[in-house]
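Peer 1: Here you go, this is structure.cif (mmCIF, C-alpha atoms).
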```
data_structure
loop_
_atom_site.label_atom_id
_atom_site.label_comp_id
_atom_site.auth_asym_id
_atom_site.auth_seq_id
_atom_site.Cartn_x
_atom_site.Cartn_y
_atom_site.Cartn_z
CA MET L 271 55.41 -49.32 -76.51
CA GLY L 272 53.64 -52.17 -78.25
CA SER L 273 53.82 -52.43 -82.02
CA CYS L 274 51.29 -50.39 -83.95
CA SER L 275 50.48 -53.54 -85.92
CA ASP L 276 48.85 -55.14 -82.86
CA LYS L 277 45.09 -55.52 -83.14
CA LEU L 278 42.79 -54.79 -80.22
CA PHE L 279 41.11 -58.00 -78.96
CA LYS L 280 43.11 -59.87 -81.68
CA ARG L 281 40.35 -59.20 -84.20
CA GLU L 282 40.75 -59.92 -87.89
CA ARG L 283 37.79 -57.97 -89.34
CA THR L 284 37.98 -54.34 -90.41
CA VAL L 285 35.93 -51.56 -88.79
CA HIS L 286 33.74 -51.42 -91.89
CA GLU L 287 32.97 -55.15 -91.59
CA ILE L 288 32.26 -54.87 -87.84
CA LEU L 289 29.72 -52.09 -88.56
CA GLY L 290 27.89 -54.32 -91.03
CA GLY L 291 29.66 -53.40 -94.24
CA GLY L 292 26.59 -51.71 -95.75
CA ILE L 293 25.19 -48.24 -96.26
CA ILE L 294 25.14 -47.50 -92.51
CA ALA L 295 28.82 -48.38 -92.20
CA ASP L 296 29.61 -46.12 -95.17
CA VAL L 297 27.77 -43.22 -93.51
CA ILE L 298 29.40 -43.74 -90.09
CA LEU L 299 32.88 -43.96 -91.64
CA TRP L 300 32.25 -40.89 -93.85
CA ARG L 301 32.52 -42.82 -97.11
CA ASN L 302 29.22 -41.20 -98.09
CA LYS L 303 30.21 -37.67 -97.10
CA ASN L 304 27.02 -35.89 -98.15
CA VAL L 305 24.83 -38.02 -95.88
CA SER L 306 27.36 -37.93 -93.03
CA VAL L 307 27.63 -34.13 -93.18
CA GLY L 308 23.83 -33.90 -93.31
CA ILE L 309 23.39 -36.05 -90.19
CA VAL L 310 25.98 -34.08 -88.20
CA THR L 311 24.49 -30.76 -89.35
CA VAL L 312 20.93 -31.80 -88.44
CA THR L 313 22.10 -33.13 -85.06
CA ILE L 314 23.92 -29.92 -84.13
CA SER L 315 21.12 -27.70 -85.46
CA SER L 316 18.39 -29.63 -83.63
CA TRP L 317 20.37 -29.50 -80.39
CA MET L 318 20.74 -25.72 -80.76
CA VAL L 319 16.98 -25.37 -81.41
CA PHE L 320 16.14 -27.55 -78.41
CA GLU L 321 18.44 -25.55 -76.15
CA SER L 322 17.35 -22.13 -77.48
CA PHE L 323 13.58 -22.71 -77.27
CA ALA L 324 13.63 -25.07 -74.25
CA TYR L 325 12.10 -27.83 -76.38
CA THR L 326 12.25 -31.49 -75.43
CA ILE L 327 12.23 -34.58 -77.63
CA LEU L 328 8.86 -35.63 -76.19
CA THR L 329 7.35 -32.20 -76.94
CA LEU L 330 8.71 -32.27 -80.49
CA LEU L 331 7.45 -35.80 -81.17
CA SER L 332 4.01 -34.95 -79.78
CA SER L 333 3.79 -31.79 -81.90
CA VAL L 334 4.90 -33.58 -85.08
CA LEU L 335 2.49 -36.49 -84.52
CA LEU L 336 -0.37 -34.10 -83.78
CA LEU L 337 0.33 -32.12 -86.96
CA LEU L 338 0.65 -35.29 -89.05
CA LEU L 339 -2.55 -36.85 -87.69
CA SER L 340 -4.44 -33.57 -88.17
CA ILE L 341 -3.33 -33.33 -91.81
CA LEU L 342 -4.28 -36.95 -92.52
CA PHE L 343 -7.62 -36.57 -90.74
CA LEU L 344 -8.56 -33.44 -92.68
CA TRP L 345 -7.32 -35.03 -95.91
CA SER L 346 -9.51 -38.10 -95.36
CA LYS L 347 -12.59 -36.04 -94.46
CA SER L 348 -12.20 -33.68 -97.44
CA ALA L 349 -11.56 -36.64 -99.78
CA SER L 350 -14.85 -38.28 -98.75
CA ILE L 351 -16.75 -35.02 -99.25
CA LEU L 352 -15.14 -34.12 -102.60
CA ASN L 353 -15.02 -37.73 -103.90
CA ARG L 354 -11.24 -37.68 -103.98
CA PRO L 355 -8.87 -40.58 -103.20
CA SER L 356 -7.98 -41.08 -99.55
CA PRO L 357 -4.41 -40.71 -98.27
CA PRO L 358 -2.23 -43.56 -99.61
CA LEU L 359 -1.48 -45.12 -96.24
CA PRO L 360 -0.52 -48.79 -95.89
CA GLU L 361 -2.22 -50.89 -93.23
CA PHE L 362 0.07 -51.16 -90.23
CA GLN L 363 0.28 -54.68 -88.83
CA ILE L 364 2.85 -56.82 -87.04
CA SER L 365 2.87 -60.42 -88.20
CA GLU L 366 3.16 -63.36 -85.81
CA GLU L 367 6.57 -64.23 -87.29
CA MET L 368 7.90 -60.74 -86.57
CA ALA L 369 6.49 -60.80 -83.02
CA GLU L 370 8.00 -64.25 -82.32
CA GLU L 371 11.38 -63.21 -83.73
CA ALA L 372 11.39 -60.02 -81.63
CA SER L 373 10.38 -61.91 -78.47
CA LYS L 374 13.13 -64.52 -79.03
CA LEU L 375 15.74 -61.80 -79.53
CA LEU L 376 14.53 -59.91 -76.44
CA ARG L 377 14.49 -63.11 -74.36
CA PHE L 378 18.05 -63.99 -75.43
CA HIS L 379 19.48 -60.59 -74.48
CA VAL L 380 17.51 -60.37 -71.20
CA ASN L 381 18.71 -63.85 -70.17
CA LYS L 382 22.28 -62.90 -71.06
CA LEU L 383 22.01 -59.73 -68.95
CA LEU L 384 20.53 -61.68 -66.02
CA GLN L 385 23.32 -64.26 -66.25
CA VAL L 386 25.99 -61.55 -66.20
CA THR L 387 24.25 -59.90 -63.24
CA TYR L 388 24.07 -63.21 -61.35
CA ASP L 389 27.73 -64.10 -62.03
CA THR L 390 28.83 -60.64 -60.91
CA ALA L 391 26.71 -60.66 -57.74
CA MET L 392 27.93 -64.14 -56.77
CA GLY L 393 31.58 -63.08 -57.15
CA ARG L 394 32.38 -65.66 -59.82
CA ASP L 395 34.25 -63.22 -62.06
CA THR L 396 36.27 -60.44 -60.44
CA GLU L 397 37.36 -58.97 -63.77
CA LEU L 398 33.74 -58.81 -64.94
CA PHE L 399 32.74 -57.09 -61.68
CA ILE L 400 35.41 -54.42 -62.19
CA LYS L 401 34.26 -53.83 -65.78
CA VAL L 402 30.59 -53.54 -64.74
CA ALA L 403 31.48 -51.20 -61.85
CA VAL L 404 33.53 -48.95 -64.17
CA TYR L 405 30.73 -48.84 -66.77
CA LEU L 406 28.11 -47.99 -64.13
CA LEU L 407 30.31 -45.26 -62.67
CA LEU L 408 30.83 -43.79 -66.15
CA ILE L 409 27.07 -43.86 -66.84
CA SER L 410 26.41 -42.20 -63.48
CA LEU L 411 29.04 -39.55 -64.20
CA VAL L 412 27.69 -38.82 -67.69
CA GLY L 413 24.12 -38.72 -66.34
CA SER L 414 25.09 -36.13 -63.74
CA LEU L 415 26.74 -33.91 -66.36
CA MET L 416 23.97 -33.82 -69.00
CA ASP L 417 20.29 -34.60 -69.53
CA PHE L 418 18.92 -37.39 -71.70
CA GLN L 419 18.29 -35.11 -74.66
CA THR L 420 21.86 -33.80 -74.73
CA LEU L 421 23.09 -37.35 -74.22
CA CYS L 422 21.22 -38.51 -77.36
CA HIS L 423 22.69 -35.70 -79.46
CA THR L 424 26.16 -36.35 -78.05
CA GLY L 425 25.75 -40.06 -78.76
CA VAL L 426 24.97 -39.36 -82.42
CA LEU L 427 28.02 -37.11 -82.72
CA VAL L 428 30.23 -39.73 -81.04
CA VAL L 429 28.97 -42.44 -83.42
CA MET L 430 29.63 -40.15 -86.39
CA THR L 431 33.16 -39.17 -85.33
CA VAL L 432 34.88 -41.82 -83.18
CA PRO L 433 34.60 -44.82 -85.59
CA ALA L 434 35.79 -42.66 -88.53
CA PHE L 435 38.74 -41.34 -86.51
CA TYR L 436 39.59 -44.85 -85.34
CA ASP L 437 39.34 -46.23 -88.89
CA ARG L 438 41.83 -43.61 -90.10
CA TYR L 439 44.40 -44.12 -87.31
CA GLU L 440 43.54 -47.73 -86.51
CA ASP L 441 47.05 -49.21 -86.30
CA CYS L 442 48.54 -46.65 -83.92
CA ILE L 443 45.42 -46.52 -81.71
CA ASP L 444 45.36 -50.33 -81.45
CA GLY L 445 49.04 -50.40 -80.53
CA SER L 446 48.56 -47.80 -77.79
CA LEU L 447 45.42 -49.45 -76.37
CA VAL L 448 47.01 -52.91 -76.37
CA PHE L 449 50.01 -51.49 -74.52
CA ILE L 450 47.78 -49.79 -71.91
CA TYR L 451 45.62 -52.93 -71.56
CA ASN L 452 48.65 -55.15 -70.97
CA LYS L 453 50.02 -52.76 -68.35
CA ALA L 454 46.65 -52.58 -66.57
CA LYS L 455 46.35 -56.38 -66.67
CA GLU L 456 49.85 -56.69 -65.22
CA LEU L 457 49.00 -54.29 -62.36
CA TYR L 458 45.75 -56.17 -61.71
CA HIS L 459 47.58 -59.50 -61.44
CA ARG L 460 50.12 -57.97 -59.06
CA PHE L 461 47.31 -56.59 -56.87
CA GLU L 462 45.53 -59.96 -56.93
CA LYS L 463 48.73 -61.80 -56.01
CA ARG L 464 49.45 -59.43 -53.11
CA SER L 465 45.90 -59.78 -51.82
CA TYR L 466 46.18 -63.56 -52.00
CA LEU L 467 49.49 -63.61 -50.10
CA LYS L 468 48.14 -61.19 -47.49
CA ASN L 469 45.05 -63.31 -46.90
CA LYS L 470 47.21 -66.41 -46.73
CA LYS L 471 49.40 -64.86 -44.01
CA LEU L 472 46.35 -63.76 -41.98
CA SER L 473 44.87 -67.26 -42.15
#
```
Show this structure as structure tokens.
Peer 2:
Amino acid sequence: MGSCSDKLFKRERTVHEILGGGIIADVILWRNKNVSVGIVTVTISSWMVFESFAYTILTLLSSVLLLLLSILFLWSKSASILNRPSPPLPEFQISEEMAEEASKLLRFHVNKLLQVTYDTAMGRDTELFIKVAVYLLLISLVGSLMDFQTLCHTGVLVVMTVPAFYDRYEDCIDGSLVFIYNKAKELYHRFEKRSYLKNKKLS
């Protein structure tokens, strides 16, 4: 098996640096245990509530927004009648700079996605096609096994567990994955070579 010192994708940065190196990375990697435990507990509890009472995320959001707006509305009306201060709400606005920055970021990622789609459809990158096909099959499989709500809760739990587990056993996991990747790449090249020779004989 490959050495456990091998790094996946030959990267030099740590997991903490890849995740941004800030508070979010600390929470995901369980370096701030109180917050991490709180997030996992809330996620599991909310999923159990959703499943027990047949609630959906949309229903919950609508109920919370309705309650919040009702409280603020009654607060504002009673404040005007009783000469009390209104609710301390900031004025919500999106500046032109923020809108331009968001549109540029969206345009960049959409163009990148379209380019990948075009290259895959035109058969320019066989390896990319295989990766895209595998990802789509996995998404289809996951979608058939669970609904969107369960998928969101599962996603949170995966984010809160997999990076921390990988960070703890990084060297051995990298060594195993590099070994598997090299073997798969070797098999792929053999298959490609056989296909080429077969096509050459037929022609």
Peer 1: Interatomic distance between atom CA of Ala295 of chain L and atom CA of Val307 of chain L?
Peer 2: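 One can read the atom CA of Ala295 of chain L to atom CA of Val307 of chain L distance as 14.3 Å.
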Peer 1: Given the file shown, enumerate the residues that the PyMOL selection byres ((chain L and resi 428-442) around 7) captures and present them as number ranges by chain.
Peer 2: L: 274-275, 285, 298-300, 424-427, 443-446
Peer 1: Within 9 Å of segment 320-336 of chain L, counting all atoms listed in the file, which residues qualify if same-chain residues fewer than 5 places away don't, as a PyMOL selection string?
Peer 2: chain L and resi 315+341+419
Peer 1: Give me a file of those residues, with C-alpha atoms, as a PDB file, keeping the file's coordinate frame.
Peer 2:
```
ATOM      1  CA  SER L 315      21.120 -27.700 -85.460  1.00  0.00           C
ATOM      2  CA  ILE L 341      -3.330 -33.330 -91.810  1.00  0.00           C
ATOM      3  CA  GLN L 419      18.290 -35.110 -74.660  1.00  0.00           C
TER       4      GLN L 419
END
```
Peer 1: Measure the distance from atom CA of Ser465 of chain L to atom CA of Arg394 of chain L in Å and round it to one decimal.
Peer 2: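 Separation between atom CA of Ser465 of chain L and atom CA of Arg394 of chain L: 16.8 Å.
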Peer 1: What does the structure give for the distance between atom CA of Leu344 of chain L and atom CA of Pro357 of chain L, in Å to one decimal?
Peer 2: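 Computing the Euclidean distance for atom CA of Leu344 of chain L and atom CA of Pro357 of chain L yields 10.1 Å.
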Peer 1: From the options L:Trp317, L:Met392, L:Ile288, L:Arg354, which residue's atoms come nearest to Phe418 of chain L, counting only C-alpha atoms?
Peer 2: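 The answer is L:Trp317, which sits nearest to Phe418 of chain L.
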Peer 1: Which residue is closest to Thr420 of chain L? Choose from L:Leu408, L:Val319, L:Leu289, L:Val305 and count all atoms listed in the file.
Peer 2: L:Val319
Peer 1: Show which residues sit within 10 Å of Lys455 of chain L, as number ranges by chain. Count only C-alpha atoms, and ignore same-chain residues fewer than 6 positions away.
Peer 2: L: 397, 449, 461
Peer 1: Restore N, CA, C and O atoms in segment 311-336 of chain L and list the result as a PDB file, keeping the file's coordinate frame.
Peer 2:
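Listed below is the output, selection.pdb:
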```
ATOM      1  N   THR L 311      25.077 -32.103 -89.306  1.00  0.00           N
ATOM      2  CA  THR L 311      24.490 -30.760 -89.350  1.00  0.00           C
ATOM      3  C   THR L 311      23.111 -30.739 -88.701  1.00  0.00           C
ATOM      4  O   THR L 311      22.796 -29.848 -87.898  1.00  0.00           O
ATOM      5  N   VAL L 312      22.280 -31.727 -89.030  1.00  0.00           N
ATOM      6  CA  VAL L 312      20.930 -31.800 -88.440  1.00  0.00           C
ATOM      7  C   VAL L 312      21.012 -32.015 -86.936  1.00  0.00           C
ATOM      8  O   VAL L 312      20.247 -31.412 -86.167  1.00  0.00           O
ATOM      9  N   THR L 313      21.942 -32.858 -86.496  1.00  0.00           N
ATOM     10  CA  THR L 313      22.100 -33.130 -85.060  1.00  0.00           C
ATOM     11  C   THR L 313      22.474 -31.867 -84.295  1.00  0.00           C
ATOM     12  O   THR L 313      21.870 -31.540 -83.265  1.00  0.00           O
ATOM     13  N   ILE L 314      23.479 -31.154 -84.803  1.00  0.00           N
ATOM     14  CA  ILE L 314      23.920 -29.920 -84.130  1.00  0.00           C
ATOM     15  C   ILE L 314      22.820 -28.857 -84.167  1.00  0.00           C
ATOM     16  O   ILE L 314      22.555 -28.181 -83.161  1.00  0.00           O
ATOM     17  N   SER L 315      22.170 -28.717 -85.322  1.00  0.00           N
ATOM     18  CA  SER L 315      21.120 -27.700 -85.460  1.00  0.00           C
ATOM     19  C   SER L 315      19.936 -27.995 -84.540  1.00  0.00           C
ATOM     20  O   SER L 315      19.408 -27.091 -83.880  1.00  0.00           O
ATOM     21  N   SER L 316      19.522 -29.277 -84.489  1.00  0.00           N
ATOM     22  CA  SER L 316      18.390 -29.630 -83.630  1.00  0.00           C
ATOM     23  C   SER L 316      18.725 -29.419 -82.164  1.00  0.00           C
ATOM     24  O   SER L 316      17.887 -28.964 -81.382  1.00  0.00           O
ATOM     25  N   TRP L 317      19.966 -29.731 -81.781  1.00  0.00           N
ATOM     26  CA  TRP L 317      20.370 -29.500 -80.390  1.00  0.00           C
ATOM     27  C   TRP L 317      20.312 -28.008 -80.058  1.00  0.00           C
ATOM     28  O   TRP L 317      19.855 -27.613 -78.978  1.00  0.00           O
ATOM     29  N   MET L 318      20.775 -27.161 -80.981  1.00  0.00           N
ATOM     30  CA  MET L 318      20.740 -25.720 -80.760  1.00  0.00           C
ATOM     31  C   MET L 318      19.299 -25.211 -80.646  1.00  0.00           C
ATOM     32  O   MET L 318      18.987 -24.360 -79.808  1.00  0.00           O
ATOM     33  N   VAL L 319      18.392 -25.763 -81.477  1.00  0.00           N
ATOM     34  CA  VAL L 319      16.980 -25.370 -81.410  1.00  0.00           C
ATOM     35  C   VAL L 319      16.371 -25.799 -80.078  1.00  0.00           C
ATOM     36  O   VAL L 319      15.651 -25.037 -79.424  1.00  0.00           O
ATOM     37  N   PHE L 320      16.663 -27.042 -79.680  1.00  0.00           N
ATOM     38  CA  PHE L 320      16.140 -27.550 -78.410  1.00  0.00           C
ATOM     39  C   PHE L 320      16.604 -26.689 -77.243  1.00  0.00           C
ATOM     40  O   PHE L 320      15.828 -26.355 -76.346  1.00  0.00           O
ATOM     41  N   GLU L 321      17.891 -26.331 -77.249  1.00  0.00           N
ATOM     42  CA  GLU L 321      18.440 -25.550 -76.150  1.00  0.00           C
ATOM     43  C   GLU L 321      17.925 -24.109 -76.166  1.00  0.00           C
ATOM     44  O   GLU L 321      17.663 -23.526 -75.120  1.00  0.00           O
ATOM     45  N   SER L 322      17.768 -23.538 -77.369  1.00  0.00           N
ATOM     46  CA  SER L 322      17.350 -22.130 -77.480  1.00  0.00           C
ATOM     47  C   SER L 322      15.889 -21.938 -77.075  1.00  0.00           C
ATOM     48  O   SER L 322      15.543 -20.980 -76.378  1.00  0.00           O
ATOM     49  N   PHE L 323      15.016 -22.861 -77.509  1.00  0.00           N
ATOM     50  CA  PHE L 323      13.580 -22.710 -77.270  1.00  0.00           C
ATOM     51  C   PHE L 323      13.067 -23.598 -76.131  1.00  0.00           C
ATOM     52  O   PHE L 323      11.861 -23.746 -75.956  1.00  0.00           O
ATOM     53  N   ALA L 324      13.991 -24.210 -75.385  1.00  0.00           N
ATOM     54  CA  ALA L 324      13.630 -25.070 -74.250  1.00  0.00           C
ATOM     55  C   ALA L 324      12.678 -26.187 -74.674  1.00  0.00           C
ATOM     56  O   ALA L 324      11.755 -26.545 -73.952  1.00  0.00           O
ATOM     57  N   TYR L 325      12.896 -26.714 -75.874  1.00  0.00           N
ATOM     58  CA  TYR L 325      12.100 -27.830 -76.380  1.00  0.00           C
ATOM     59  C   TYR L 325      12.657 -29.138 -75.836  1.00  0.00           C
ATOM     60  O   TYR L 325      13.833 -29.253 -75.508  1.00  0.00           O
ATOM     61  N   THR L 326      11.810 -30.148 -75.775  1.00  0.00           N
ATOM     62  CA  THR L 326      12.250 -31.490 -75.430  1.00  0.00           C
ATOM     63  C   THR L 326      11.883 -32.440 -76.559  1.00  0.00           C
ATOM     64  O   THR L 326      11.049 -32.115 -77.412  1.00  0.00           O
ATOM     65  N   ILE L 327      12.511 -33.599 -76.575  1.00  0.00           N
ATOM     66  CA  ILE L 327      12.230 -34.580 -77.630  1.00  0.00           C
ATOM     67  C   ILE L 327      10.773 -35.017 -77.567  1.00  0.00           C
ATOM     68  O   ILE L 327      10.110 -35.175 -78.603  1.00  0.00           O
ATOM     69  N   LEU L 328      10.253 -35.201 -76.348  1.00  0.00           N
ATOM     70  CA  LEU L 328       8.860 -35.630 -76.190  1.00  0.00           C
ATOM     71  C   LEU L 328       7.906 -34.560 -76.729  1.00  0.00           C
ATOM     72  O   LEU L 328       6.919 -34.882 -77.410  1.00  0.00           O
ATOM     73  N   THR L 329       8.189 -33.283 -76.434  1.00  0.00           N
ATOM     74  CA  THR L 329       7.350 -32.200 -76.940  1.00  0.00           C
ATOM     75  C   THR L 329       7.383 -32.143 -78.460  1.00  0.00           C
ATOM     76  O   THR L 329       6.349 -31.980 -79.113  1.00  0.00           O
ATOM     77  N   LEU L 330       8.572 -32.309 -79.032  1.00  0.00           N
ATOM     78  CA  LEU L 330       8.710 -32.270 -80.490  1.00  0.00           C
ATOM     79  C   LEU L 330       7.953 -33.423 -81.140  1.00  0.00           C
ATOM     80  O   LEU L 330       7.219 -33.229 -82.117  1.00  0.00           O
ATOM     81  N   LEU L 331       8.127 -34.638 -80.607  1.00  0.00           N
ATOM     82  CA  LEU L 331       7.450 -35.800 -81.170  1.00  0.00           C
ATOM     83  C   LEU L 331       5.928 -35.647 -81.084  1.00  0.00           C
ATOM     84  O   LEU L 331       5.208 -35.969 -82.042  1.00  0.00           O
ATOM     85  N   SER L 332       5.451 -35.148 -79.951  1.00  0.00           N
ATOM     86  CA  SER L 332       4.010 -34.950 -79.780  1.00  0.00           C
ATOM     87  C   SER L 332       3.476 -33.930 -80.785  1.00  0.00           C
ATOM     88  O   SER L 332       2.421 -34.128 -81.397  1.00  0.00           O
ATOM     89  N   SER L 333       4.210 -32.840 -80.964  1.00  0.00           N
ATOM     90  CA  SER L 333       3.790 -31.790 -81.900  1.00  0.00           C
ATOM     91  C   SER L 333       3.774 -32.303 -83.340  1.00  0.00           C
ATOM     92  O   SER L 333       2.831 -32.050 -84.101  1.00  0.00           O
ATOM     93  N   VAL L 334       4.819 -33.042 -83.714  1.00  0.00           N
ATOM     94  CA  VAL L 334       4.900 -33.580 -85.080  1.00  0.00           C
ATOM     95  C   VAL L 334       3.793 -34.584 -85.332  1.00  0.00           C
ATOM     96  O   VAL L 334       3.130 -34.571 -86.390  1.00  0.00           O
ATOM     97  N   LEU L 335       3.555 -35.492 -84.366  1.00  0.00           N
ATOM     98  CA  LEU L 335       2.490 -36.490 -84.520  1.00  0.00           C
ATOM     99  C   LEU L 335       1.117 -35.834 -84.590  1.00  0.00           C
ATOM    100  O   LEU L 335       0.255 -36.247 -85.382  1.00  0.00           O
ATOM    101  N   LEU L 336       0.899 -34.818 -83.748  1.00  0.00           N
ATOM    102  CA  LEU L 336      -0.370 -34.100 -83.780  1.00  0.00           C
ATOM    103  C   LEU L 336      -0.600 -33.425 -85.126  1.00  0.00           C
ATOM    104  O   LEU L 336      -1.698 -33.506 -85.702  1.00  0.00           O
TER     105      LEU L 336
END
```
